[in-house]
$ cat target_6.txt   # compact mmCIF, C-alpha atoms
# COMPACT_ATOMS: atom_id res chain seq x y z
CA MET W 1 22.60 16.48 -18.55
CA ASN W 2 20.00 14.41 -16.72
CA SER W 3 19.60 10.72 -17.47
CA ALA W 4 17.14 8.02 -16.51
CA ILE W 5 17.80 4.34 -15.90
CA ILE W 6 14.69 2.18 -16.21
CA VAL W 7 15.19 -1.29 -14.75
CA ALA W 8 13.07 -4.15 -16.11
CA ALA W 9 15.34 -7.15 -15.70
CA GLY W 10 13.59 -9.35 -13.15
CA ARG W 11 12.02 -12.76 -13.38
CA SER W 12 8.59 -12.06 -11.85
CA GLN W 13 8.39 -15.22 -9.80
CA ARG W 14 5.36 -13.99 -7.89
CA MET W 15 3.64 -13.32 -11.22
CA GLY W 16 4.10 -16.97 -12.20
CA THR W 17 5.90 -16.06 -15.42
CA ASN W 18 9.51 -16.33 -16.45
CA THR W 19 9.62 -12.94 -18.16
CA ASP W 20 9.76 -9.60 -16.38
CA LYS W 21 6.28 -8.27 -15.64
CA ALA W 22 7.37 -5.07 -17.38
CA PHE W 23 6.68 -6.81 -20.69
CA LEU W 24 3.11 -7.84 -19.89
CA ASN W 25 0.32 -5.90 -21.56
CA LEU W 26 -1.32 -3.15 -19.58
CA GLY W 27 -4.23 -1.95 -21.69
CA PRO W 28 -2.90 -0.87 -25.08
CA LYS W 29 0.82 -0.90 -24.16
CA PRO W 30 3.30 -3.16 -22.36
CA VAL W 31 3.89 -2.18 -18.71
CA VAL W 32 7.36 -0.73 -19.34
CA ALA W 33 6.17 1.42 -22.28
CA TRP W 34 4.13 3.55 -19.86
CA SER W 35 7.30 4.44 -17.94
CA LEU W 36 9.33 5.00 -21.11
CA LEU W 37 6.68 7.46 -22.31
CA ALA W 38 6.59 9.33 -18.99
CA PHE W 39 10.37 9.87 -19.14
CA GLU W 40 10.15 10.72 -22.85
CA GLU W 41 7.56 13.40 -22.03
CA CYS W 42 9.52 14.82 -19.09
CA HIS W 43 11.40 17.87 -20.45
CA GLU W 44 14.09 17.68 -17.78
CA ILE W 45 15.27 14.22 -18.84
CA ASP W 46 17.74 14.06 -21.74
CA ARG W 47 18.64 10.38 -22.09
CA ILE W 48 17.11 7.03 -21.13
CA ILE W 49 18.97 3.78 -20.49
CA LEU W 50 16.79 0.69 -20.39
CA VAL W 51 18.05 -2.36 -18.46
CA VAL W 52 16.43 -5.69 -19.39
CA ARG W 53 17.31 -9.37 -19.31
CA LYS W 54 19.76 -10.23 -22.08
CA ASP W 55 17.20 -12.31 -23.98
CA GLN W 56 14.77 -9.35 -23.96
CA ALA W 57 17.16 -6.81 -25.45
CA LEU W 58 15.84 -7.05 -29.00
CA ALA W 59 12.22 -6.96 -27.82
CA ALA W 60 13.03 -3.89 -25.72
CA LYS W 61 14.61 -2.05 -28.66
CA THR W 62 11.69 -2.86 -30.94
CA LEU W 63 9.23 -1.75 -28.29
CA SER W 64 11.05 1.57 -27.70
CA GLN W 65 11.01 2.26 -31.43
CA MET W 66 7.35 1.37 -31.69
CA PHE W 67 6.44 3.92 -29.01
CA GLY W 68 8.76 6.61 -30.37
CA ILE W 69 11.19 6.82 -27.45
CA SER W 70 13.63 9.28 -29.03
CA LYS W 71 15.65 9.68 -25.81
CA LEU W 72 16.61 5.99 -25.65
CA GLN W 73 20.39 5.94 -25.49
CA THR W 74 20.92 2.21 -25.16
CA VAL W 75 19.47 -1.08 -23.94
CA VAL W 76 21.73 -2.81 -21.40
CA ALA W 77 21.68 -6.39 -20.09
CA GLY W 78 20.73 -6.72 -16.41
CA GLY W 79 22.77 -8.42 -13.70
CA ALA W 80 22.08 -11.21 -11.22
CA ASN W 81 19.91 -8.95 -9.04
CA ARG W 82 18.38 -5.47 -9.09
CA GLN W 83 21.47 -3.84 -7.60
CA ASP W 84 23.74 -5.29 -10.33
CA SER W 85 21.23 -4.26 -12.97
CA VAL W 86 21.34 -0.66 -11.74
CA LEU W 87 25.15 -0.74 -11.75
CA ASN W 88 25.14 -2.01 -15.35
CA GLY W 89 22.97 0.98 -16.21
CA ILE W 90 25.22 3.46 -14.39
CA LYS W 91 28.27 2.22 -16.36
CA GLU W 92 26.56 3.25 -19.60
CA LEU W 93 25.66 6.77 -18.51
CA ASP W 94 26.84 9.61 -20.71
CA PRO W 95 29.88 11.22 -19.01
CA GLU W 96 28.04 14.54 -19.12
CA THR W 97 25.34 13.20 -16.77
CA ARG W 98 24.99 15.16 -13.54
CA TYR W 99 21.69 13.78 -12.26
CA VAL W 100 20.31 10.29 -12.71
CA SER W 101 16.76 9.14 -12.10
CA ILE W 102 16.43 5.41 -11.43
CA HIS W 103 13.02 3.86 -12.05
CA ASP W 104 11.45 0.40 -11.77
CA GLY W 105 10.02 -0.67 -15.12
CA ALA W 106 7.19 -2.35 -13.20
CA ARG W 107 5.80 1.02 -11.97
CA PRO W 108 3.78 2.23 -14.95
CA CYS W 109 1.85 5.01 -13.17
CA VAL W 110 4.85 7.35 -12.93
CA ARG W 111 4.09 10.82 -14.28
CA PRO W 112 6.40 13.50 -15.72
CA GLU W 113 5.50 15.78 -12.74
CA LEU W 114 6.80 13.19 -10.30
CA ILE W 115 10.05 12.74 -12.23
CA GLU W 116 10.50 16.52 -12.24
CA ALA W 117 9.75 16.81 -8.52
CA THR W 118 12.39 14.20 -7.62
CA LEU W 119 14.89 15.90 -9.92
CA ARG W 120 14.22 19.31 -8.40
CA CYS W 121 14.75 17.86 -4.93
CA ALA W 122 17.96 16.08 -6.01
CA LYS W 123 19.36 19.34 -7.43
CA ARG W 124 18.79 21.01 -4.08
CA ASN W 125 19.66 18.15 -1.72
CA GLY W 126 21.58 15.48 -3.65
CA THR W 127 18.68 13.03 -3.56
CA GLY W 128 14.96 13.05 -4.36
CA ILE W 129 13.02 9.87 -3.62
CA ALA W 130 9.36 9.24 -4.51
CA ALA W 131 7.64 8.34 -1.25
CA SER W 132 4.29 8.09 0.52
CA ARG W 133 3.22 8.20 4.13
CA VAL W 134 1.94 4.96 5.62
CA TRP W 135 -1.77 5.18 6.56
CA ASP W 136 -2.50 1.59 7.55
CA THR W 137 -1.58 0.44 11.04
CA VAL W 138 1.79 -1.35 10.94
CA LYS W 139 2.74 -4.35 13.06
CA TYR W 140 6.23 -5.63 13.79
CA VAL W 141 6.33 -9.42 13.52
CA GLU W 142 9.53 -11.16 14.52
CA ARG W 143 8.47 -14.53 13.10
CA GLY W 144 5.34 -16.37 11.96
CA THR W 145 2.12 -14.36 12.17
CA THR W 146 2.06 -13.32 15.84
CA VAL W 147 2.38 -9.57 16.40
CA ASP W 148 5.27 -8.32 18.53
CA HIS W 149 4.13 -4.73 18.67
CA THR W 150 2.50 -1.90 16.75
CA VAL W 151 4.94 0.46 15.08
CA ASP W 152 4.39 4.24 15.22
CA ARG W 153 3.19 4.66 11.64
CA SER W 154 3.49 8.45 11.77
CA LYS W 155 7.26 7.97 11.41
CA LEU W 156 7.08 5.51 8.50
CA TRP W 157 7.15 6.20 4.77
CA THR W 158 7.22 3.70 1.93
CA VAL W 159 9.50 4.60 -0.95
CA GLN W 160 8.97 3.86 -4.59
CA THR W 161 10.69 5.08 -7.73
CA PRO W 162 11.79 7.30 -9.40
CA GLN W 163 14.74 7.82 -7.07
CA THR W 164 16.87 10.66 -8.39
CA PHE W 165 20.47 11.36 -7.39
CA ASN W 166 23.43 13.58 -7.96
CA LEU W 167 25.49 11.10 -9.98
CA THR W 168 28.74 11.75 -8.09
CA LEU W 169 26.98 10.95 -4.82
CA LEU W 170 25.31 7.79 -6.16
CA THR W 171 28.56 6.48 -7.69
CA LYS W 172 30.37 7.02 -4.41
CA ALA W 173 27.50 5.32 -2.55
CA TYR W 174 27.54 2.23 -4.77
CA ALA W 175 31.35 1.98 -4.51
CA ASP W 176 30.86 1.94 -0.74
CA VAL W 177 28.14 -0.75 -1.00
CA LYS W 178 30.56 -2.88 -3.04
CA LYS W 179 33.39 -2.35 -0.57
CA LYS W 180 31.14 -3.32 2.35
CA LYS W 181 29.71 -6.27 0.36
CA ALA W 182 26.28 -4.99 1.37
CA SER W 183 23.04 -5.55 -0.48
CA VAL W 184 20.34 -2.88 -0.67
CA THR W 185 16.60 -3.07 -1.47
CA ASP W 186 16.56 0.39 -3.04
CA ASP W 187 19.09 2.89 -4.34
CA ALA W 188 18.50 5.41 -1.55
CA SER W 189 19.75 2.78 0.92
CA ALA W 190 23.16 2.91 -0.75
CA VAL W 191 23.35 6.63 0.03
CA GLU W 192 22.16 6.01 3.62
CA LEU W 193 24.88 3.38 4.04
CA LEU W 194 27.40 6.07 3.14
CA GLY W 195 25.98 8.21 5.95
CA GLU W 196 24.71 10.87 3.55
CA SER W 197 21.30 12.45 3.88
CA VAL W 198 18.38 11.11 1.80
CA ARG W 199 15.42 13.35 1.03
CA LEU W 200 11.90 12.14 0.28
CA VAL W 201 9.41 13.69 -2.16
CA GLU W 202 5.83 13.07 -1.11
CA TRP W 203 3.61 11.74 -3.87
CA MET W 204 -0.11 11.38 -3.20
CA HIS W 205 -1.17 9.52 -6.36
CA PRO W 206 -1.06 5.76 -6.92
CA ASN W 207 2.41 4.54 -7.93
CA ILE W 208 1.57 0.85 -8.11
CA LYS W 209 4.25 -1.78 -8.66
CA ILE W 210 3.08 -4.65 -10.83
CA THR W 211 3.87 -7.70 -8.70
CA THR W 212 0.93 -10.06 -9.08
CA ALA W 213 -1.82 -10.39 -11.69
CA ASP W 214 -4.17 -8.58 -9.25
CA ASP W 215 -2.14 -5.41 -9.76
CA LEU W 216 -2.83 -5.08 -13.49
CA PRO W 217 -6.49 -3.94 -13.20
CA LEU W 218 -5.50 -1.56 -10.38
CA ALA W 219 -2.80 0.02 -12.53
CA MET W 220 -5.24 0.28 -15.43
CA ALA W 221 -7.67 2.13 -13.18
CA ALA W 222 -4.92 4.44 -11.95
CA LEU W 223 -3.88 5.14 -15.54
CA ASN W 224 -7.49 5.79 -16.49
CA ILE W 225 -7.61 3.00 -19.07
CA SER W 226 -11.11 1.58 -19.36
CA MET M 1 -23.32 -16.48 17.69
CA ASN M 2 -20.93 -14.38 15.56
CA SER M 3 -21.58 -10.71 14.96
CA ALA M 4 -20.07 -8.02 12.80
CA ILE M 5 -19.65 -4.34 13.56
CA ILE M 6 -19.22 -2.19 10.46
CA VAL M 7 -17.92 1.29 11.25
CA ALA M 8 -18.75 4.13 8.85
CA ALA M 9 -18.91 7.15 11.13
CA GLY M 10 -16.00 9.33 10.00
CA ARG M 11 -15.87 12.76 8.43
CA SER M 12 -13.57 12.02 5.46
CA GLN M 13 -11.54 15.19 5.77
CA ARG M 14 -8.97 13.95 3.25
CA MET M 15 -11.80 13.27 0.80
CA GLY M 16 -12.87 16.89 0.97
CA THR M 17 -16.42 16.00 1.99
CA ASN M 18 -18.28 16.28 5.26
CA THR M 19 -19.96 12.88 4.98
CA ASP M 20 -18.24 9.55 5.54
CA LYS M 21 -16.70 8.19 2.35
CA ALA M 22 -18.63 5.00 3.03
CA PHE M 23 -21.70 6.72 1.56
CA LEU M 24 -20.07 7.73 -1.73
CA ASN M 25 -21.05 5.78 -4.82
CA LEU M 26 -18.72 3.03 -5.95
CA GLY M 27 -20.09 1.79 -9.25
CA PRO M 28 -23.70 0.71 -8.76
CA LYS M 29 -23.70 0.78 -4.92
CA PRO M 30 -22.51 3.05 -2.10
CA VAL M 31 -19.10 2.10 -0.66
CA VAL M 32 -20.54 0.66 2.57
CA ALA M 33 -23.10 -1.51 0.74
CA TRP M 34 -20.25 -3.65 -0.65
CA SER M 35 -19.14 -4.50 2.89
CA LEU M 36 -22.70 -5.07 4.11
CA LEU M 37 -23.25 -7.53 1.28
CA ALA M 38 -19.98 -9.40 1.97
CA PHE M 39 -21.01 -9.92 5.61
CA GLU M 40 -24.57 -10.80 4.54
CA GLU M 41 -23.15 -13.47 2.22
CA CYS M 42 -20.76 -14.88 4.82
CA HIS M 43 -22.51 -17.92 6.35
CA GLU M 44 -20.55 -17.71 9.59
CA ILE M 45 -21.88 -14.24 10.47
CA ASP M 46 -25.29 -14.08 12.18
CA ARG M 47 -25.83 -10.40 12.96
CA ILE M 48 -24.57 -7.06 11.68
CA ILE M 49 -24.38 -3.79 13.61
CA LEU M 50 -23.77 -0.71 11.49
CA VAL M 51 -22.21 2.36 13.15
CA VAL M 52 -22.75 5.68 11.35
CA ARG M 53 -22.88 9.35 12.20
CA LYS M 54 -26.14 10.20 13.93
CA ASP M 55 -27.41 12.27 10.99
CA GLN M 56 -26.81 9.32 8.65
CA ALA M 57 -28.82 6.77 10.63
CA LEU M 58 -31.95 7.00 8.51
CA ALA M 59 -29.95 6.88 5.26
CA ALA M 60 -28.09 3.83 6.58
CA LYS M 61 -31.29 1.97 7.42
CA THR M 62 -32.84 2.75 4.04
CA LEU M 63 -29.68 1.64 2.27
CA SER M 64 -29.55 -1.65 4.20
CA GLN M 65 -33.14 -2.37 3.30
CA MET M 66 -32.52 -1.50 -0.33
CA PHE M 67 -29.71 -4.03 -0.56
CA GLY M 68 -31.55 -6.72 1.39
CA ILE M 69 -29.30 -6.90 4.45
CA SER M 70 -31.41 -9.35 6.46
CA LYS M 71 -28.74 -9.74 9.17
CA LEU M 72 -28.84 -6.05 10.12
CA GLN M 73 -29.57 -5.95 13.84
CA THR M 74 -29.38 -2.22 14.38
CA VAL M 75 -27.87 1.06 13.25
CA VAL M 76 -25.93 2.80 16.03
CA ALA M 77 -24.64 6.39 16.26
CA GLY M 78 -20.86 6.74 16.19
CA GLY M 79 -18.70 8.43 18.82
CA ALA M 80 -16.15 11.24 18.72
CA ASN M 81 -13.50 8.98 17.16
CA ARG M 82 -13.19 5.50 15.68
CA GLN M 83 -12.47 3.90 19.05
CA ASP M 84 -15.65 5.34 20.60
CA SER M 85 -17.64 4.29 17.53
CA VAL M 86 -16.45 0.70 17.95
CA LEU M 87 -17.37 0.80 21.65
CA ASN M 88 -20.86 2.05 20.77
CA GLY M 89 -21.17 -0.95 18.49
CA ILE M 90 -19.92 -3.40 21.13
CA LYS M 91 -22.55 -2.15 23.60
CA GLU M 92 -25.30 -3.20 21.20
CA LEU M 93 -24.04 -6.75 20.61
CA ASP M 94 -26.46 -9.58 21.24
CA PRO M 95 -25.50 -11.16 24.62
CA GLU M 96 -25.15 -14.52 22.80
CA THR M 97 -22.23 -13.16 20.73
CA ARG M 98 -19.01 -15.12 21.17
CA TYR M 99 -17.00 -13.74 18.26
CA VAL M 100 -17.12 -10.26 16.79
CA SER M 101 -15.69 -9.11 13.49
CA ILE M 102 -14.96 -5.39 13.28
CA HIS M 103 -14.76 -3.87 9.83
CA ASP M 104 -14.14 -0.42 8.33
CA GLY M 105 -17.05 0.62 6.15
CA ALA M 106 -14.53 2.31 3.85
CA ARG M 107 -13.00 -1.06 2.80
CA PRO M 108 -15.42 -2.28 0.16
CA CYS M 109 -13.21 -5.07 -1.28
CA VAL M 110 -13.68 -7.40 1.71
CA ARG M 111 -14.81 -10.89 0.66
CA PRO M 112 -16.75 -13.55 2.59
CA GLU M 113 -13.65 -15.84 2.44
CA LEU M 114 -11.57 -13.22 4.25
CA ILE M 115 -14.21 -12.76 6.96
CA GLU M 116 -14.30 -16.56 7.42
CA ALA M 117 -10.52 -16.80 7.56
CA THR M 118 -10.27 -14.18 10.33
CA LEU M 119 -13.11 -15.89 12.23
CA ARG M 120 -11.45 -19.31 11.94
CA CYS M 121 -8.21 -17.81 13.27
CA ALA M 122 -10.02 -16.04 16.13
CA LYS M 123 -11.71 -19.28 17.18
CA ARG M 124 -8.33 -20.95 17.41
CA ASN M 125 -6.25 -18.06 18.79
CA GLY M 126 -8.59 -15.42 20.21
CA THR M 127 -7.82 -12.95 17.39
CA GLY M 128 -7.71 -13.00 13.58
CA ILE M 129 -6.56 -9.83 11.85
CA ALA M 130 -6.55 -9.23 8.07
CA ALA M 131 -2.97 -8.32 7.17
CA SER M 132 -0.47 -8.08 4.32
CA ARG M 133 3.28 -8.17 4.16
CA VAL M 134 5.03 -4.94 3.23
CA TRP M 135 6.82 -5.17 -0.14
CA ASP M 136 7.96 -1.57 -0.65
CA THR M 137 11.12 -0.40 1.07
CA VAL M 138 10.20 1.40 4.31
CA LYS M 139 12.03 4.43 5.72
CA TYR M 140 11.90 5.72 9.27
CA VAL M 141 11.60 9.51 9.29
CA GLU M 142 11.84 11.28 12.63
CA ARG M 143 10.67 14.61 11.26
CA GLY M 144 10.28 16.45 7.94
CA THR M 145 11.28 14.44 4.86
CA THR M 146 14.84 13.39 5.68
CA VAL M 147 15.34 9.66 6.13
CA ASP M 148 16.75 8.44 9.45
CA HIS M 149 17.16 4.83 8.38
CA THR M 150 15.69 1.99 6.36
CA VAL M 151 13.50 -0.37 8.37
CA ASP M 152 13.77 -4.15 7.87
CA ARG M 153 10.57 -4.61 5.86
CA SER M 154 10.65 -8.39 6.22
CA LYS M 155 9.41 -7.89 9.78
CA LEU M 156 6.62 -5.46 8.91
CA TRP M 157 2.98 -6.16 8.09
CA THR M 158 0.20 -3.66 7.48
CA VAL M 159 -3.13 -4.56 9.02
CA GLN M 160 -6.55 -3.84 7.64
CA THR M 161 -10.01 -5.07 8.57
CA PRO M 162 -11.89 -7.30 9.28
CA GLN M 163 -10.32 -7.78 12.69
CA THR M 164 -12.09 -10.63 14.47
CA PHE M 165 -11.98 -11.31 18.21
CA ASN M 166 -13.23 -13.53 20.95
CA LEU M 167 -15.68 -11.03 22.48
CA THR M 168 -14.61 -11.67 26.10
CA LEU M 169 -11.01 -10.87 25.14
CA LEU M 170 -11.94 -7.72 23.19
CA THR M 171 -14.19 -6.39 25.97
CA LYS M 172 -11.42 -6.92 28.50
CA ALA M 173 -8.94 -5.20 26.14
CA TYR M 174 -11.13 -2.12 25.65
CA ALA M 175 -11.78 -1.86 29.40
CA ASP M 176 -7.99 -1.82 29.81
CA VAL M 177 -7.62 0.87 27.11
CA LYS M 178 -10.17 2.99 28.96
CA LYS M 179 -8.43 2.47 32.30
CA LYS M 180 -5.07 3.44 30.79
CA LYS M 181 -6.70 6.37 28.91
CA ALA M 182 -4.88 5.11 25.82
CA SER M 183 -5.92 5.67 22.22
CA VAL M 184 -5.44 2.98 19.58
CA THR M 185 -5.36 3.14 15.78
CA ASP M 186 -6.85 -0.33 15.36
CA ASP M 187 -8.72 -2.82 17.55
CA ALA M 188 -5.86 -5.32 17.64
CA SER M 189 -3.75 -2.68 19.42
CA ALA M 190 -6.19 -2.81 22.36
CA VAL M 191 -5.45 -6.53 22.75
CA GLU M 192 -1.70 -5.90 22.43
CA LEU M 193 -1.92 -3.27 25.15
CA LEU M 194 -3.39 -5.94 27.40
CA GLY M 195 -0.32 -8.07 26.71
CA GLU M 196 -2.34 -10.76 24.93
CA SER M 197 -1.21 -12.33 21.69
CA VAL M 198 -2.54 -11.03 18.35
CA ARG M 199 -2.60 -13.30 15.32
CA LEU M 200 -2.50 -12.09 11.69
CA VAL M 201 -4.28 -13.67 8.72
CA GLU M 202 -2.41 -13.05 5.48
CA TRP M 203 -4.58 -11.75 2.65
CA MET M 204 -3.04 -11.40 -0.79
CA HIS M 205 -5.87 -9.58 -2.60
CA PRO M 206 -6.48 -5.82 -2.63
CA ASN M 207 -8.25 -4.58 0.49
CA ILE M 208 -8.25 -0.90 -0.38
CA LYS M 209 -9.42 1.76 2.06
CA ILE M 210 -11.26 4.61 0.41
CA THR M 211 -9.38 7.66 1.67
CA THR M 212 -9.06 10.01 -1.30
CA ALA M 213 -10.95 10.30 -4.59
CA ASP M 214 -8.02 8.47 -6.28
CA ASP M 215 -8.99 5.31 -4.41
CA LEU M 216 -12.45 5.00 -5.97
CA PRO M 217 -11.30 3.82 -9.43
CA LEU M 218 -8.78 1.45 -7.80
CA ALA M 219 -11.50 -0.12 -5.67
CA MET M 220 -13.75 -0.39 -8.73
CA ALA M 221 -10.99 -2.25 -10.56
CA ALA M 222 -10.41 -4.54 -7.57
CA LEU M 223 -14.15 -5.25 -7.43
CA ASN M 224 -14.22 -5.93 -11.15
CA ILE M 225 -16.71 -3.15 -11.91
CA SER M 226 -16.19 -1.74 -15.38
$ encode --input "target_6.txt" --output "structure tokens"
Amino acid sequence: MNSAIIVAAGRSQRMGTNTDKAFLNLGPKPVVAWSLLAFEECHEIDRIILVVRKDQALAAKTLSQMFGISKLQTVVAGGANRQDSVLNGIKELDPETRYVSIHDGARPCVRPELIEATLRCAKRNGTGIAASRVWDTVKYVERGTTVDHTVDRSKLWTVQTPQTFNLTLLTKAYADVKKKKASVTDDASAVELLGESVRLVEWMHPNIKITTADDLPLAMAALNIS
Amino acid sequence: MNSAIIVAAGRSQRMGTNTDKAFLNLGPKPVVAWSLLAFEECHEIDRIILVVRKDQALAAKTLSQMFGISKLQTVVAGGANRQDSVLNGIKELDPETRYVSIHDGARPCVRPELIEATLRCAKRNGTGIAASRVWDTVKYVERGTTVDHTVDRSKLWTVQTPQTFNLTLLTKAYADVKKKKASVTDDASAVELLGESVRLVEWMHPNIKITTADDLPLAMAALNIS
């Protein structure tokens, strides 16, 4: 069994709202509904766990019903930060789960093909992480706005979600994170911390994260909503 | 006097065309016309030099006339790579030029305020480079698609254009690049190579580079073209 955990439990401070940006409207549907539908349409995914802020749980259930998300297993309350929210999702996974795909609810442009590609990679290598090469020139800045040096961009990739894992590996990785009292900015970092290999899946299409109001029209364009 | 050099002399291999992407249509105007108009509207800029492939020179002149670019000083033929194209532009600068703003013709979302901000910074510090913080998690990958480690993204910025310079400094920097037979991916790198300080100007709005066909609808959304 393959499960997905969609995390939409933030506070969107940069958006200037108190609710997670995943609940804002993006064309005809809320941001998070686009992701829910992509996982619903992906044949390889059996169950979906949705992590939201406690006060959004009812709204999240209603929304999932409205958009016919038949794979929704449960809606879980998020934790104090993203990492805790993911862990709350992992706790609810069906014991039959072998692979888990973790996805940011604020990335509505995810497509079933991308989910499948990360899953295929995870089955072969333990991990499959949506990623893109960096094309802009990158500068290393120790402090302020004065450049220290230019970084060799040919060695840099940015990672997004979905990030898909062999569940045994991910559970072990997060136990290690807890033991080391570390904090990670993405789930793949937990596996790196364990010293295990992390494999990227190149994705050439926009996989925009809704962070500021400027991102909404870009995501609409990427989703072909006019 | 402050001049601009707009570079649109590439081959757009990733776009699958043989012409520079700057000449593709973006809504009602070609990509490069958006940049030309932003520099035309920017009160601080006195002259514009446009660098294009030799066989596009006539098209570029016609286009500039069509969109009323009164500041256009000349259209120059590009070189074998971006660096040479910029140098061809520098050679044509009016001898009165004290500050020069170099801009990629494939970045149509540039706004007069951004040009002014980089110019203001260059007047104070010698350089003013359009830049954004990196929000996605960044992985260092030595080869293939296996992650080596996660890079501390809080120290990383991506740079775009316009990149604005004190002309004396930039000329000295490019002479040094030539002497060292170095190649640089952006103009700021030439100044870094010289050991001089480079200052970034944070820009929070989209400053998309047209690289693949996917980028056209994103740029249209950012430019508010429906």
$ residues_around --input "target_6.txt" --residues "Cys109 (chain M)" --least-positions-apart "5" --cutoff "8 Å" --atoms "all atoms listed in the file" --output "PDB file with C-alpha atoms, keeping the file's coordinate frame"
ATOM      1  CA  TRP M  34     -20.250  -3.650  -0.650  1.00  0.00           C
ATOM      2  CA  SER M  35     -19.140  -4.500   2.890  1.00  0.00           C
ATOM      3  CA  PRO M 206      -6.480  -5.820  -2.630  1.00  0.00           C
ATOM      4  CA  ASN M 207      -8.250  -4.580   0.490  1.00  0.00           C
ATOM      5  CA  ILE M 208      -8.250  -0.900  -0.380  1.00  0.00           C
ATOM      6  CA  ALA M 219     -11.500  -0.120  -5.670  1.00  0.00           C
ATOM      7  CA  ALA M 222     -10.410  -4.540  -7.570  1.00  0.00           C
ATOM      8  CA  LEU M 223     -14.150  -5.250  -7.430  1.00  0.00           C
TER       9      LEU M 223
END
$ residues_near_point --input "target_6.txt" --point "(11.8, 4.7, 9.4)" --cutoff "9 Å" --atoms "all atoms listed in the file" --output "JSON, numbers by chain"
{"W": [153, 155, 156, 157, 158], "M": [138, 139, 140, 141, 142, 147, 148, 149, 150, 151]}
$ closest_atom_pairs --input "target_6.txt" --of "region 54-117 of chain M" --to "region 213-216 of chain M" --cutoff "12 Å" --atoms "all atoms listed in the file" --output "JSON lines"
{"residue": "M:Ala106", "atom": "CA", "partner": "M:Asp215", "partner_atom": "CA", "distance": 10.4}
{"residue": "M:Arg107", "atom": "CA", "partner": "M:Asp215", "partner_atom": "CA", "distance": 10.4}
{"residue": "M:Pro108", "atom": "CA", "partner": "M:Leu216", "partner_atom": "CA", "distance": 10.0}
{"residue": "M:Cys109", "atom": "CA", "partner": "M:Leu216", "partner_atom": "CA", "distance": 11.1}
$ closest_residue --input "target_6.txt" --among "W:Ile6, W:Asp136, W:Ile225, W:Phe165" --to "chain M" --atoms "only C-alpha atoms"
W:Asp136
$ residues_around --input "target_6.txt" --residues "Arg53 (chain M)" --least-positions-apart "4" --cutoff "10 Å" --atoms "all atoms listed in the file" --output "list in words"
Val7, Ala8, Ala9, Gly10, Arg11, Thr19, Asp20, Ala57, Ala60, Val75, Val76, Ala77, Gly78, Gly79, Ala80 and Ser85 of chain M
$ atom_distance --input "target_6.txt" --atom1 "CA of Lys178 (chain M)" --atom2 "CA of Gly195 (chain M)"
15.0 Å
$ axis_aligned_box --input "target_6.txt" --around "region 28-34 of chain W" --padding-each-side "6 Å" --output "lines of an AutoDock Vina configuration file"
center_x = 2.2
center_y = 0.2
center_z = -21.9
size_x = 22.3
size_y = 18.7
size_z = 18.4
$ closest_residue --input "target_6.txt" --among "M:Met220, M:Val177, M:Leu119, M:Ile48" --to "Ile90 (chain M)" --atoms "all atoms listed in the file"
M:Ile48
$ atom_distance --input "target_6.txt" --atom1 "CA of Pro217 (chain M)" --atom2 "CA of Gly128 (chain W)"
28.3 Å
$ closest_residue --input "target_6.txt" --among "M:Trp135, M:Trp203, M:Tyr174, M:Phe23" --to "Leu63 (chain M)" --atoms "all atoms listed in the file"
M:Phe23
$ closest_residue --input "target_6.txt" --among "M:Gln83, M:Thr118, M:Thr97, M:Thr211" --to "Lys181 (chain M)" --atoms "all atoms listed in the file"
M:Gln83
$ closest_residue --input "target_6.txt" --among "M:Lys209, M:Ala190, M:Thr145, M:Leu87" --to "chain W" --atoms "only C-alpha atoms"
M:Thr145
$ atom_distance --input "target_6.txt" --atom1 "CA of Arg111 (chain M)" --atom2 "CA of Ser154 (chain M)"
26.2 Å
$ closest_residue --input "target_6.txt" --among "W:Gln163, W:Ser101, W:Asn224, W:Thr74" --to "Leu200 (chain W)" --atoms "all atoms listed in the file"
W:Gln163
$ residues_around --input "target_6.txt" --residues "Asp94 (chain M)" --least-positions-apart "5" --cutoff "10 Å" --atoms "only C-alpha atoms" --output "ChimeraX atom specification"
/M:1-3,47,49,73
$ residues_near_point --input "target_6.txt" --point "(-8.9, -5.2, 7.5)" --cutoff "8 Å" --atoms "all atoms listed in the file" --output "number ranges by chain"
M: 103-104, 107, 110, 129-131, 159-163, 207
$ decode --input "target_6.txt" --residues "region 212-217 of chain M" --atoms "N, CA and C atoms" --output "PDB file, in the first residue's frame"
ATOM      1  N   THR M 212      11.935  28.162 -21.194  1.00  0.00           N
ATOM      2  CA  THR M 212      11.184  27.137 -21.912  1.00  0.00           C
ATOM      3  C   THR M 212       9.780  27.696 -22.195  1.00  0.00           C
ATOM      4  N   ALA M 213       9.044  26.977 -23.028  1.00  0.00           N
ATOM      5  CA  ALA M 213       7.694  27.429 -23.390  1.00  0.00           C
ATOM      6  C   ALA M 213       6.797  27.548 -22.155  1.00  0.00           C
ATOM      7  N   ASP M 214       7.055  26.737 -21.130  1.00  0.00           N
ATOM      8  CA  ASP M 214       6.300  26.798 -19.865  1.00  0.00           C
ATOM      9  C   ASP M 214       6.361  28.175 -19.212  1.00  0.00           C
ATOM     10  N   ASP M 215       7.433  28.912 -19.482  1.00  0.00           N
ATOM     11  CA  ASP M 215       7.623  30.191 -18.790  1.00  0.00           C
ATOM     12  C   ASP M 215       6.745  31.302 -19.358  1.00  0.00           C
ATOM     13  N   LEU M 216       6.295  31.135 -20.606  1.00  0.00           N
ATOM     14  CA  LEU M 216       5.510  32.210 -21.230  1.00  0.00           C
ATOM     15  C   LEU M 216       4.213  32.498 -20.469  1.00  0.00           C
ATOM     16  N   PRO M 217       3.387  31.477 -20.165  1.00  0.00           N
ATOM     17  CA  PRO M 217       2.165  31.805 -19.401  1.00  0.00           C
ATOM     18  C   PRO M 217       2.467  32.359 -18.009  1.00  0.00           C
TER      19      PRO M 217
END
